[in-house]
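Q: What follows is data09.json, JSON, C-alpha atoms.
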```
[["chain", "number", "residue", "atom", "x", "y", "z"],
["O", 1, "MET", "CA", 90.30, 81.68, 96.53],
["O", 2, "SER", "CA", 89.57, 80.36, 99.99],
["O", 3, "ILE", "CA", 89.89, 82.93, 102.75],
["O", 4, "TYR", "CA", 92.50, 80.94, 104.70],
["O", 5, "PRO", "CA", 95.16, 80.82, 101.96],
["O", 6, "ASP", "CA", 94.28, 84.43, 101.12],
["O", 7, "LEU", "CA", 94.85, 85.46, 104.76],
["O", 8, "PHE", "CA", 98.15, 83.59, 104.90],
["O", 9, "LEU", "CA", 99.44, 84.93, 101.56],
["O", 10, "THR", "CA", 98.32, 88.51, 102.20],
["O", 11, "PHE", "CA", 100.02, 88.65, 105.59],
["O", 12, "ALA", "CA", 103.08, 86.83, 104.22],
["O", 13, "LYS", "CA", 103.28, 89.57, 101.56],
["O", 14, "VAL", "CA", 103.07, 92.20, 104.30],
["O", 15, "GLY", "CA", 105.69, 90.35, 106.35],
["O", 16, "VAL", "CA", 108.17, 90.00, 103.51],
["O", 17, "MET", "CA", 107.87, 93.66, 102.45],
["O", 18, "THR", "CA", 108.31, 95.21, 105.86],
["O", 19, "PHE", "CA", 111.57, 96.46, 107.28],
["O", 20, "GLY", "CA", 111.70, 98.27, 110.59],
["O", 21, "GLY", "CA", 109.06, 96.64, 112.74],
["O", 22, "GLY", "CA", 105.37, 97.06, 113.41],
["O", 23, "TYR", "CA", 105.07, 100.77, 112.76],
["O", 24, "ALA", "CA", 106.74, 100.45, 109.38],
["O", 25, "MET", "CA", 104.12, 97.82, 108.52],
["O", 26, "LEU", "CA", 101.26, 100.27, 108.93],
["O", 27, "PRO", "CA", 101.21, 101.70, 105.38],
["O", 28, "ILE", "CA", 101.47, 98.22, 103.87],
["O", 29, "LEU", "CA", 98.78, 96.85, 106.19],
["O", 30, "GLN", "CA", 96.58, 99.82, 105.38],
["O", 31, "ARG", "CA", 96.91, 99.23, 101.64],
["O", 32, "GLU", "CA", 96.50, 95.46, 101.76],
["O", 33, "VAL", "CA", 93.91, 95.04, 104.53],
["O", 34, "VAL", "CA", 91.82, 98.19, 104.13],
["O", 35, "GLU", "CA", 92.09, 99.17, 100.47],
["O", 36, "ASN", "CA", 92.72, 95.87, 98.67],
["O", 37, "LYS", "CA", 90.90, 93.29, 100.78],
["O", 38, "GLY", "CA", 88.36, 95.32, 102.77],
["O", 39, "TRP", "CA", 88.95, 93.18, 105.86],
["O", 40, "ALA", "CA", 88.99, 96.27, 108.11],
["O", 41, "THR", "CA", 88.23, 99.96, 107.94],
["O", 42, "GLU", "CA", 90.79, 102.71, 108.55],
["O", 43, "GLU", "CA", 89.29, 103.24, 112.00],
["O", 44, "GLU", "CA", 89.40, 99.53, 112.84],
["O", 45, "LEU", "CA", 93.04, 99.30, 111.74],
["O", 46, "THR", "CA", 93.86, 102.28, 113.95],
["O", 47, "ASP", "CA", 92.05, 100.61, 116.85],
["O", 48, "TYR", "CA", 93.89, 97.31, 116.24],
["O", 49, "PHE", "CA", 97.22, 99.14, 116.28],
["O", 50, "ALA", "CA", 96.29, 100.93, 119.51],
["O", 51, "ILE", "CA", 95.18, 97.70, 121.17],
["O", 52, "GLY", "CA", 98.21, 95.89, 119.74],
["O", 53, "GLN", "CA", 100.45, 98.44, 121.41],
["O", 54, "CYS", "CA", 98.79, 97.84, 124.79],
["O", 55, "THR", "CA", 98.85, 94.06, 124.67],
["O", 56, "PRO", "CA", 101.90, 91.85, 125.17],
["O", 57, "GLY", "CA", 103.76, 90.96, 122.01],
["O", 58, "ILE", "CA", 104.69, 92.57, 118.75],
["O", 59, "ILE", "CA", 102.29, 95.22, 117.43],
["O", 60, "ALA", "CA", 102.22, 93.87, 113.87],
["O", 61, "VAL", "CA", 101.66, 90.29, 115.02],
["O", 62, "ASN", "CA", 98.86, 91.39, 117.35],
["O", 63, "THR", "CA", 97.27, 93.40, 114.53],
["O", 64, "ALA", "CA", 97.46, 90.45, 112.12],
["O", 65, "THR", "CA", 95.85, 88.25, 114.75],
["O", 66, "PHE", "CA", 93.01, 90.74, 115.30],
["O", 67, "ILE", "CA", 92.32, 91.10, 111.57],
["O", 68, "GLY", "CA", 92.48, 87.35, 110.93],
["O", 69, "GLN", "CA", 90.21, 86.66, 113.88],
["O", 70, "LYS", "CA", 87.71, 89.29, 112.69],
["O", 71, "SER", "CA", 87.73, 87.80, 109.19],
["O", 72, "LYS", "CA", 87.54, 84.10, 110.03],
["O", 73, "GLY", "CA", 87.56, 83.48, 113.77],
["O", 74, "ILE", "CA", 90.31, 81.93, 115.85],
["O", 75, "LEU", "CA", 91.70, 79.85, 112.97],
["O", 76, "GLY", "CA", 91.81, 82.98, 110.81],
["O", 77, "GLY", "CA", 93.78, 84.78, 113.54],
["O", 78, "ILE", "CA", 96.27, 81.94, 113.74],
["O", 79, "ILE", "CA", 96.69, 81.73, 109.95],
["O", 80, "ALA", "CA", 97.12, 85.50, 109.54],
["O", 81, "THR", "CA", 99.72, 85.51, 112.33],
["O", 82, "LEU", "CA", 101.62, 82.59, 110.81],
["O", 83, "GLY", "CA", 101.54, 84.32, 107.42],
["O", 84, "LEU", "CA", 103.00, 87.49, 108.90],
["O", 85, "VAL", "CA", 105.88, 85.83, 110.76],
["O", 86, "PHE", "CA", 106.74, 83.11, 108.23],
["O", 87, "PRO", "CA", 108.80, 85.33, 105.86],
["O", 88, "SER", "CA", 110.73, 86.81, 108.80],
["O", 89, "LEU", "CA", 111.59, 83.38, 110.15],
["O", 90, "ILE", "CA", 112.95, 82.29, 106.78],
["O", 91, "ILE", "CA", 114.85, 85.53, 106.08],
["O", 92, "ILE", "CA", 116.32, 85.77, 109.59],
["O", 93, "SER", "CA", 117.38, 82.14, 109.48],
["O", 94, "LEU", "CA", 119.19, 82.74, 106.21],
["O", 95, "LEU", "CA", 120.79, 86.02, 107.30],
["O", 96, "ALA", "CA", 121.76, 85.07, 110.85],
["O", 97, "GLY", "CA", 124.75, 83.03, 109.81],
["O", 98, "VAL", "CA", 125.94, 85.52, 107.20],
["O", 99, "ILE", "CA", 125.30, 88.97, 108.66],
["O", 100, "THR", "CA", 128.10, 88.96, 111.20],
["O", 101, "GLN", "CA", 130.61, 88.09, 108.48],
["O", 102, "PHE", "CA", 129.70, 91.20, 106.47],
["O", 103, "SER", "CA", 128.69, 93.72, 109.15],
["O", 104, "HIS", "CA", 132.12, 95.34, 109.11],
["O", 105, "LEU", "CA", 131.85, 96.34, 105.43],
["O", 106, "ALA", "CA", 131.15, 100.01, 104.81],
["O", 107, "TRP", "CA", 128.55, 99.37, 102.09],
["O", 108, "VAL", "CA", 126.57, 97.12, 104.46],
["O", 109, "ASN", "CA", 126.55, 99.85, 107.12],
["O", 110, "HIS", "CA", 125.52, 102.43, 104.50],
["O", 111, "ALA", "CA", 122.73, 100.16, 103.25],
["O", 112, "PHE", "CA", 121.38, 99.79, 106.80],
["O", 113, "GLY", "CA", 121.60, 103.57, 107.23],
["O", 114, "GLY", "CA", 119.51, 104.06, 104.08],
["O", 115, "ILE", "CA", 116.99, 101.47, 105.22],
["O", 116, "ARG", "CA", 116.61, 103.23, 108.59],
["O", 117, "VAL", "CA", 115.89, 106.56, 106.87],
["O", 118, "CYS", "CA", 113.35, 104.91, 104.57],
["O", 119, "VAL", "CA", 111.61, 103.29, 107.54],
["O", 120, "CYS", "CA", 111.37, 106.69, 109.25],
["O", 121, "VAL", "CA", 109.66, 108.14, 106.17],
["O", 122, "LEU", "CA", 107.23, 105.20, 106.00],
["O", 123, "ILE", "CA", 106.35, 105.65, 109.66],
["O", 124, "LEU", "CA", 105.90, 109.41, 109.17],
["O", 125, "ASN", "CA", 103.54, 108.82, 106.22],
["O", 126, "ALA", "CA", 101.56, 106.26, 108.21],
["O", 127, "THR", "CA", 101.35, 108.69, 111.13],
["O", 128, "ALA", "CA", 100.04, 111.44, 108.86],
["O", 129, "LYS", "CA", 97.30, 109.11, 107.56],
["O", 130, "LEU", "CA", 96.39, 108.04, 111.10],
["O", 131, "TYR", "CA", 96.33, 111.68, 112.22],
["O", 132, "GLN", "CA", 93.89, 112.63, 109.46],
["O", 133, "LYS", "CA", 91.53, 109.79, 110.38],
["O", 134, "SER", "CA", 91.86, 110.13, 114.16],
["O", 135, "VAL", "CA", 92.04, 113.84, 114.95],
["O", 136, "VAL", "CA", 88.61, 114.83, 113.70],
["O", 137, "ASP", "CA", 87.47, 117.51, 116.14],
["O", 138, "ILE", "CA", 88.61, 119.74, 119.01],
["O", 139, "PRO", "CA", 88.43, 117.05, 121.76],
["O", 140, "THR", "CA", 90.52, 114.59, 119.73],
["O", 141, "ALA", "CA", 92.99, 117.38, 118.87],
["O", 142, "VAL", "CA", 93.34, 118.23, 122.57],
["O", 143, "ILE", "CA", 93.94, 114.58, 123.43],
["O", 144, "PHE", "CA", 96.46, 114.31, 120.57],
["O", 145, "PHE", "CA", 98.51, 117.34, 121.63],
["O", 146, "LEU", "CA", 98.41, 116.42, 125.32],
["O", 147, "VAL", "CA", 99.59, 112.88, 124.65],
["O", 148, "PHE", "CA", 102.20, 114.12, 122.17],
["O", 149, "GLY", "CA", 103.57, 116.67, 124.63],
["O", 150, "LEU", "CA", 103.50, 114.40, 127.66],
["O", 151, "SER", "CA", 105.00, 111.43, 125.82],
["O", 152, "SER", "CA", 107.81, 113.68, 124.60],
["O", 153, "ALA", "CA", 108.50, 114.95, 128.11],
["O", 154, "LEU", "CA", 107.90, 111.86, 130.24],
["O", 155, "ALA", "CA", 109.60, 108.51, 130.14],
["O", 156, "CYS", "CA", 106.75, 106.15, 130.94],
["O", 157, "SER", "CA", 105.05, 103.24, 129.26],
["O", 158, "PRO", "CA", 102.89, 104.00, 126.21],
["O", 159, "VAL", "CA", 100.20, 101.88, 127.85],
["O", 160, "TRP", "CA", 99.55, 104.69, 130.33],
["O", 161, "PHE", "CA", 99.05, 107.19, 127.51],
["O", 162, "VAL", "CA", 96.67, 104.87, 125.66],
["O", 163, "LEU", "CA", 94.66, 104.21, 128.83],
["O", 164, "ALA", "CA", 94.55, 107.91, 129.72],
["O", 165, "ALA", "CA", 93.46, 108.80, 126.18],
["O", 166, "ALA", "CA", 90.72, 106.17, 126.33],
["O", 167, "VAL", "CA", 89.46, 107.58, 129.63],
["O", 168, "ALA", "CA", 89.63, 111.12, 128.23],
["O", 169, "GLY", "CA", 87.63, 110.03, 125.17],
["O", 170, "ILE", "CA", 84.97, 108.45, 127.37],
["O", 171, "VAL", "CA", 84.80, 111.48, 129.66],
["O", 172, "LEU", "CA", 84.63, 113.98, 126.80],
["O", 173, "LYS", "CA", 81.93, 111.96, 125.05],
["O", 174, "ASN", "CA", 79.86, 111.57, 128.21],
["O", 175, "VAL", "CA", 80.06, 115.20, 129.33],
["O", 176, "GLY", "CA", 78.59, 116.19, 126.01],
["O", 177, "VAL", "CA", 81.51, 117.95, 124.37],
["O", 178, "LYS", "CA", 80.23, 118.72, 120.90],
["O", 179, "ARG", "CA", 82.32, 117.79, 117.88],
["O", 180, "ALA", "CA", 83.50, 120.81, 115.91]]
```
Give the structure from the file, written as structure tokens.
A:
Amino acid sequence: MSIYPDLFLTFAKVGVMTFGGGYAMLPILQREVVENKGWATEEELTDYFAIGQCTPGIIAVNTATFIGQKSKGILGGIIATLGLVFPSLIIISLLAGVITQFSHLAWVNHAFGGIRVCVCVLILNATAKLYQKSVVDIPTAVIFFLVFGLSSALACSPVWFVLAAAVAGIVLKNVGVKRA
């Protein structure tokens, strides 16, 4: 199969199976892009998510663009992005006219409550996988716990935490902190 249809269909599959936004997409992206297709490594996917968080736009769309561009250049980035958003455009268009008519029903509210809980579990699982691949020594553990604590206590943009963590990584690497 040509890479372009494969990019589109793979990201369309990710887009149609994801509820809850970019973070909920992480386990599906990890399975499809890293394990099934080999278009990125775990570390690259983590980097794409981090960069996607810092750049304007939706994290999942940015990540799809990065992976598509890495696989097949600018056209690959465009096709992967279109594949990711296409299912959402169709589903939202179909639901938009109907959802307000049924939002008052108890079973609809309960279904959305169940979906929210499921999304939280998916995000937690993705976070655990990212943690295992990212926190590999004492310096990365220190950065992790500092960012976790500060982001819990302070109400500021995640961009500042990502930039500070990048600077801390550079400083720790250049001052010769040995990995444990």
Q: If I put a ball of radius 10 Å at (92.3, 96.7, 125.2) in the file's coordinates, which residues poke into it when counting all atoms listed in the file, written as JSON, numbers by chain?
A: {"O": [47, 48, 50, 51, 52, 53, 54, 55, 159, 162, 163, 166]}
Q: Between region 36-75 of chain O and region 121-130 of chain O, at 9 Å or less, what are the per-residue closest atom pairs and their distances in Å? Count all atoms listed in the file, order by chain and rising residue number, and return it as a tab-separated table.
A:
```
residue	atom	partner	partner_atom	distance
O:Glu42	CA	O:Leu130	CA	8.1
O:Glu43	CA	O:Leu130	CA	8.6
O:Thr46	CA	O:Leu130	CA	6.9
```
Q: Figure out the distance between CA of Tyr131 (chain O) and CA of Leu172 (chain O), please, to one decimal in Å.
A: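 Between CA of Leu172 (chain O) and CA of Tyr131 (chain O) the gap works out to 18.8 Å.
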Q: Of the residues O:Ile99, O:Asp6, O:Ile143, O:Gly15, which is the one nearest to Asn36 (chain O), using all atoms listed in the file?
A: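 Among O:Ile99, O:Asp6, O:Ile143, O:Gly15, it is O:Asp6 that comes nearest to Asn36 (chain O).
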Q: Give me the box for region 145-150 of chain O as AutoDock Vina command-line options, namely the centre and edge lengths in Å to one decimal of a box along x, y and z that holds every listed atom plus 6 Å on each side.
A:
```
--center_x 101.0 --center_y 115.1 --center_z 124.6 --size_x 17.2 --size_y 16.5 --size_z 18.0
```
Q: Mind pulling up the distance from CA of Ala24 (chain O) to CA of Val119 (chain O)?
A: 5.9 Å
Q: For Phe144 (chain O), list every protein, DNA or RNA residue within 8 Å, evaluated using only C-alpha atoms, and leave out those in the same chain fewer than 4 positions away; present the list as a count of residues only.
A: 3
Q: Within 12 Å of Gly38 (chain O), counting only C-alpha atoms, which residues qualify if same-chain residues fewer than 6 places away don't, as a list in words?
A: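 What passes the distance filter is Leu7, Leu29, Gln30, Arg31, Glu32, Glu44, Leu45, Ile67, Lys70 and Ser71 of chain O.
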Q: Find the distance between CA of Phe161 (chain O) and CA of Leu146 (chain O) and write it in Å to one decimal.
A: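 Taking CA of Phe161 (chain O) as the start and CA of Leu146 (chain O) as the end point, the length is 9.5 Å.
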Q: Can you take the partial region 103-138 of chain O, add N, CA and C atoms, and return it as a compact mmCIF listing (two decimals), in the frame of the given file?
A:
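Ended up saving to part06.txt:
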```txt
# COMPACT_ATOMS: atom_id res chain seq x y z
N SER O 103 129.09 92.49 108.45
CA SER O 103 128.69 93.72 109.15
C SER O 103 129.79 94.76 109.22
N HIS O 104 131.02 94.40 109.05
CA HIS O 104 132.12 95.34 109.11
C HIS O 104 132.32 96.12 107.80
N LEU O 105 131.68 95.68 106.72
CA LEU O 105 131.85 96.34 105.43
C LEU O 105 131.09 97.66 105.39
N ALA O 106 131.75 98.67 104.85
CA ALA O 106 131.15 100.01 104.81
C ALA O 106 129.84 100.02 104.03
N TRP O 107 129.78 99.33 102.90
CA TRP O 107 128.55 99.37 102.09
C TRP O 107 127.38 98.71 102.81
N VAL O 108 127.64 97.74 103.67
CA VAL O 108 126.57 97.12 104.46
C VAL O 108 126.05 98.13 105.48
N ASN O 109 126.95 98.82 106.16
CA ASN O 109 126.55 99.85 107.12
C ASN O 109 125.78 100.97 106.44
N HIS O 110 126.22 101.38 105.24
CA HIS O 110 125.52 102.43 104.50
C HIS O 110 124.13 101.96 104.06
N ALA O 111 124.03 100.71 103.65
CA ALA O 111 122.73 100.16 103.25
C ALA O 111 121.77 100.18 104.43
N PHE O 112 122.24 99.76 105.62
CA PHE O 112 121.38 99.79 106.80
C PHE O 112 120.99 101.23 107.17
N GLY O 113 121.91 102.16 106.98
CA GLY O 113 121.60 103.57 107.23
C GLY O 113 120.49 104.06 106.31
N GLY O 114 120.56 103.69 105.03
CA GLY O 114 119.51 104.06 104.08
C GLY O 114 118.19 103.42 104.42
N ILE O 115 118.22 102.17 104.83
CA ILE O 115 116.99 101.47 105.22
C ILE O 115 116.34 102.15 106.42
N ARG O 116 117.15 102.55 107.41
CA ARG O 116 116.61 103.23 108.59
C ARG O 116 115.91 104.53 108.21
N VAL O 117 116.50 105.30 107.31
CA VAL O 117 115.89 106.56 106.87
C VAL O 117 114.56 106.27 106.15
N CYS O 118 114.56 105.28 105.29
CA CYS O 118 113.35 104.91 104.57
C CYS O 118 112.24 104.50 105.55
N VAL O 119 112.59 103.73 106.55
CA VAL O 119 111.61 103.29 107.54
C VAL O 119 111.03 104.50 108.28
N CYS O 120 111.86 105.48 108.60
CA CYS O 120 111.37 106.69 109.25
C CYS O 120 110.34 107.41 108.38
N VAL O 121 110.60 107.49 107.09
CA VAL O 121 109.66 108.14 106.17
C VAL O 121 108.35 107.35 106.10
N LEU O 122 108.44 106.03 106.03
CA LEU O 122 107.23 105.20 106.00
C LEU O 122 106.40 105.38 107.26
N ILE O 123 107.06 105.45 108.39
CA ILE O 123 106.35 105.65 109.66
C ILE O 123 105.72 107.04 109.69
N LEU O 124 106.44 108.05 109.22
CA LEU O 124 105.90 109.41 109.17
C LEU O 124 104.66 109.48 108.28
N ASN O 125 104.70 108.84 107.11
CA ASN O 125 103.54 108.82 106.22
C ASN O 125 102.36 108.11 106.87
N ALA O 126 102.63 106.99 107.53
CA ALA O 126 101.56 106.26 108.21
C ALA O 126 100.97 107.10 109.34
N THR O 127 101.82 107.82 110.05
CA THR O 127 101.35 108.69 111.13
C THR O 127 100.47 109.80 110.59
N ALA O 128 100.85 110.37 109.46
CA ALA O 128 100.04 111.44 108.86
C ALA O 128 98.65 110.90 108.47
N LYS O 129 98.60 109.70 107.91
CA LYS O 129 97.30 109.11 107.56
C LYS O 129 96.47 108.84 108.82
N LEU O 130 97.10 108.29 109.85
CA LEU O 130 96.39 108.04 111.10
C LEU O 130 95.89 109.34 111.72
N TYR O 131 96.70 110.38 111.66
CA TYR O 131 96.33 111.68 112.22
C TYR O 131 95.08 112.20 111.53
N GLN O 132 95.04 112.13 110.21
CA GLN O 132 93.89 112.63 109.46
C GLN O 132 92.61 111.89 109.80
N LYS O 133 92.71 110.60 110.07
CA LYS O 133 91.53 109.79 110.38
C LYS O 133 91.15 109.86 111.86
N SER O 134 92.10 110.20 112.72
CA SER O 134 91.86 110.13 114.16
C SER O 134 91.56 111.48 114.79
N VAL O 135 92.24 112.51 114.36
CA VAL O 135 92.04 113.84 114.95
C VAL O 135 90.99 114.54 114.09
N VAL O 136 89.73 114.38 114.52
CA VAL O 136 88.61 114.83 113.70
C VAL O 136 87.84 116.01 114.29
N ASP O 137 88.18 116.41 115.51
CA ASP O 137 87.47 117.51 116.14
C ASP O 137 88.36 118.09 117.25
N ILE O 138 87.83 119.07 117.96
CA ILE O 138 88.61 119.74 119.01
C ILE O 138 88.98 118.78 120.15
```
